[in-house]
Each structure stands twice: as structure tokens, then as C-alpha cells.
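Notes follow the structure.
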Amino acid sequence: PQLVLHPQVTSKIPYFNTFISSSLSSRGLLQDSLQCLGSLASTDKGCEYLWKHNSISALFECFKMHNEVQQLTKDIIHHLVSYKELTMTHTVKLTLALTELSQYFKETHEKVKFDICQLFTEILSICGECLVFSEQQQWLINIGIGLQDILQNKLDSSHRDTGLILSGLLCQYYGSDWILLVPKRKDEISSSFLLLMTHLACIEVQLIDSENIKPVIISCFAIMESVITLMANHESKRDAFITEESLLQLHTTLMEGL
């Protein structure tokens with residue numbers, strides 16, 4: 001640890017950040033830079049330096065750009081956000097980094113979309129309580145739009161489950177409020193995303209196997225609970241968002257799921 005925290009190492013953090021977030025870096029340079037950042041992330045003091053130099057943003061960029069070092073990059077991100085006090089101190093940097101990555105998540109149609117979806121789930125599982133809900137949180141809106149893409153397409157169950165698990169986690173932290181942030185698409189009603197997510201969650205619950213309960217089931221119950229709360233307790237928000245016809249559809253879908 002003393003060697004890792006030597007000024008000759010910590011002073012190079014900006015260079016490591018540049019190397020891992022560049023598309024021109026060789027695999028060897030990527031791995032060497034990530035190994036150094038990983039060693040720093042393994043100590044409290046090292047994490048302080050990484051947050052100070054905004055390494056979280058560079059790591060997100062590396063994750064989306066360099067598939068060959070994704071796991072190593074993800075491990076470092078996990079270490080960095082697991083220090084709750086530091087993460088709370090640097091929520092502005094984390095929020096900005098999430099906004100940048102979620103913008104890419106919203107726009108891309110490549111396989112990495114599902115990898116980013118999984119990464120968001122893991123980050124929120126570790127430090128979701130550090131991120132306070134706000135209607136101005138662009139990263140939540142971006143994630144909602146990206147999830148709408150995932151859940152609307154006819155994908156295999158593993159990819160759909162990834163989307164439902166992240167949706168359920170967002171419901172656990174933010175209730176139904178985050179769903180209301182997702183803008184409607186052209187020629188769709190305001191509540192189309194809510195209806196879709198509820199429908200998929202109820203299907204999963206109907207197919208439940210008591211001897212092999214998948215992690216996605218917990219997320220589906222969280223989605224259903226949030227939707228029920230929205231219908232019961234948020235009349236002013238609900239009335240501006242859900243038509244009577246949609247409300248009836250939601251009620252029918254939930255009854256079938258339960």
C-alpha cells in the first residue's frame with residue numbers, strides 16, 4: 001500500500017485516466033493503467049485520489065469502449081463506489097459520470113447496451129442510497145429511455161431480465177416517480193412504458209417456479225408494488241399521466257399477475 005500511494009504513482013493518475021479513456025491505447029497500456037488504478041482503488045486513501053481526479057468518468061468511458069478489459073474495469077468501479085462516505089462526498093462527480101454513460105446507453109443499439117444495463121444495476125445495488133432522487137436527474141431519464149428500448153424489443157429472456165432487474169431496483173429506490181420522468185414516444189400514450197413494464201413483470205410472476213425463484217422475480221414484485229402505490233396514492237400525478245382506459249388496463253394486468 002505504501003508503494004501504491006507514493007507520489008510518483010498518484011501523480012500519474014491523470015495519465016492513467018487519459019490512457020484508459022482513449023480509443024487509441026493498446027491492450028497492454030490499458031491493462032497496465034487499469035492495474036495501477038485497481039491497486040489504488042484497493043485502499044481508502046487510493047480511492048480518495050481517484051475521486052479527486054474524477055477517475056470514475058474515465059472508468060465509465062473505458063467500460064463502454066474497451067470490451068476486452070470490461071471485467072477489470074468493472075471490478076475497479078465496484079471498489080470505488082463501495083466506499084460510501086467517499087461516494088457521498090463526490091455524488092456530483094458520480095452523477096455527471098452517470099449522465100454521460102446513460103446518454104450513450106440511451107442512444108446505442110450495440111451489445112454493450114446490455115453490459116451497461118448490468119453495470120448500472122451493480123452500481124445502484126452498491127451505492128444507490130447515495131443518489132438522491134430529483135426530477136432534474138437526466139441520468140434517470142436516459143436510463144428510462146434505454147430500458148424502454150430493451151423491454152419493447154423481442155429479446156431473449158436473459159436480456160429482458162437484465163432490463164426488468166434494473167427497472168425493479170429503480171422502483172425500490174425511487175418508487176414510481178422515476179417512471180413518470182420517461183417521456184412518451186411519438187404516437188404512444190404517456191403511460192405506454194408503465195403498461196409495458198407492468199405487463200412484463202406480471203408475466204414473470206405468473207411463471208414463477210417455487211423451487212427455482214430467479215432474481216428477476218424480486219424485481220418484478222418491486223415493479224408491481226410501485227405501480228399499485230402509484231394507482232392508490234398519487235392521484236394528482238396519476239391523473240396527468242394515466243388515462244382511465246390505461247388505469248383499467250393496469251388494474252386488469254395486476255389482478256392477473258396476483
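Residue names in the C-alpha cells use chain letters A, B, ... in the order shown, residue numbers from 1 in each chain, and ligand numbers from 1 in the order shown.
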
- Residues at most 12 Å from stretch 126-129 of chain A, counting only C-alpha atoms, excluding those fewer than 5 positions away in the same chain, as a VMD selection string? chain A and resid 77 to 88 90 to 91 94 to 95 98 119 to 121 166 169 to 174

- Find the residues near stretch 54-63 of chain A: any atom within 6 Å, counting only C-alpha atoms, skip ones fewer than 6 places away on the same chain, and give them as a list in words. Asn17, Ile20, Ser21, Gln70 and Ala97 of chain A

- Query: Where does DSSP see alpha helix (DSSP H) in stretch 100-201 of chain A, if you list the residues as an MDAnalysis selection string?
  - Reply: chainID A and resid 100:107 112:127 138:152 157:174 177:181 192:201

- Residue neighbourhood A:Leu37, 9 Å, only C-alpha atoms, exclusion window fewer than 5 positions, as a list in words: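 Skipping anything fewer than 5 positions along the chain leaves Ile13, Phe16, Asn17, Asp32, Ser42, Gly46, Leu50, Ser55 and Ile76 of chain A.
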
- Judged by only C-alpha atoms, the minimum distance to A:Ser26 among A:Cys47, A:Val69, A:Leu131, A:Ile116 is found for A:Val69

- Message: Just want the 8 Å neighbourhood of stretch 135-147 of chain A, counted on only C-alpha atoms, with same-chain residues fewer than 6 positions away dropped. Output as a count of residues only.
- Response: 16

- How many Å separate atom CA of A:Ile213 from atom CA of A:Ile228?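 Between these atoms lies a distance of 22.4 Å.
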
- Message: Taking 6 positions as the minimum chain separation for residues in the same chain, which residues sit within 10 Å of A:Val112 when counting only C-alpha atoms? Answer as JSON, numbers by chain.
- Response: {"A": [63, 64, 65, 66, 67, 104, 105, 118]}

- Gap from atom CA of A:Trp51 to atom CA of A:Val92 - Å, one decimal: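 We find that atom CA of A:Trp51 and atom CA of A:Val92 lie 10.8 Å from each other.
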
- Message: Considering only C-alpha atoms, can you say which of A:Gln31, A:Gln148, A:Thr43, A:Ser22 comes closest to A:Cys117?
- Response: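 Closest to A:Cys117, using only C-alpha atoms: A:Gln148.
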
- Correct to one decimal, the distance atom CA of A:Ser23-atom CA of A:Cys36 is 18.8 Å

- Task: Kindly indicate which residue among A:Thr162, A:Leu96, A:His53, A:Ile223 lies nearest to A:Thr10, using only C-alpha atoms for the distances.
- Result: A:His53
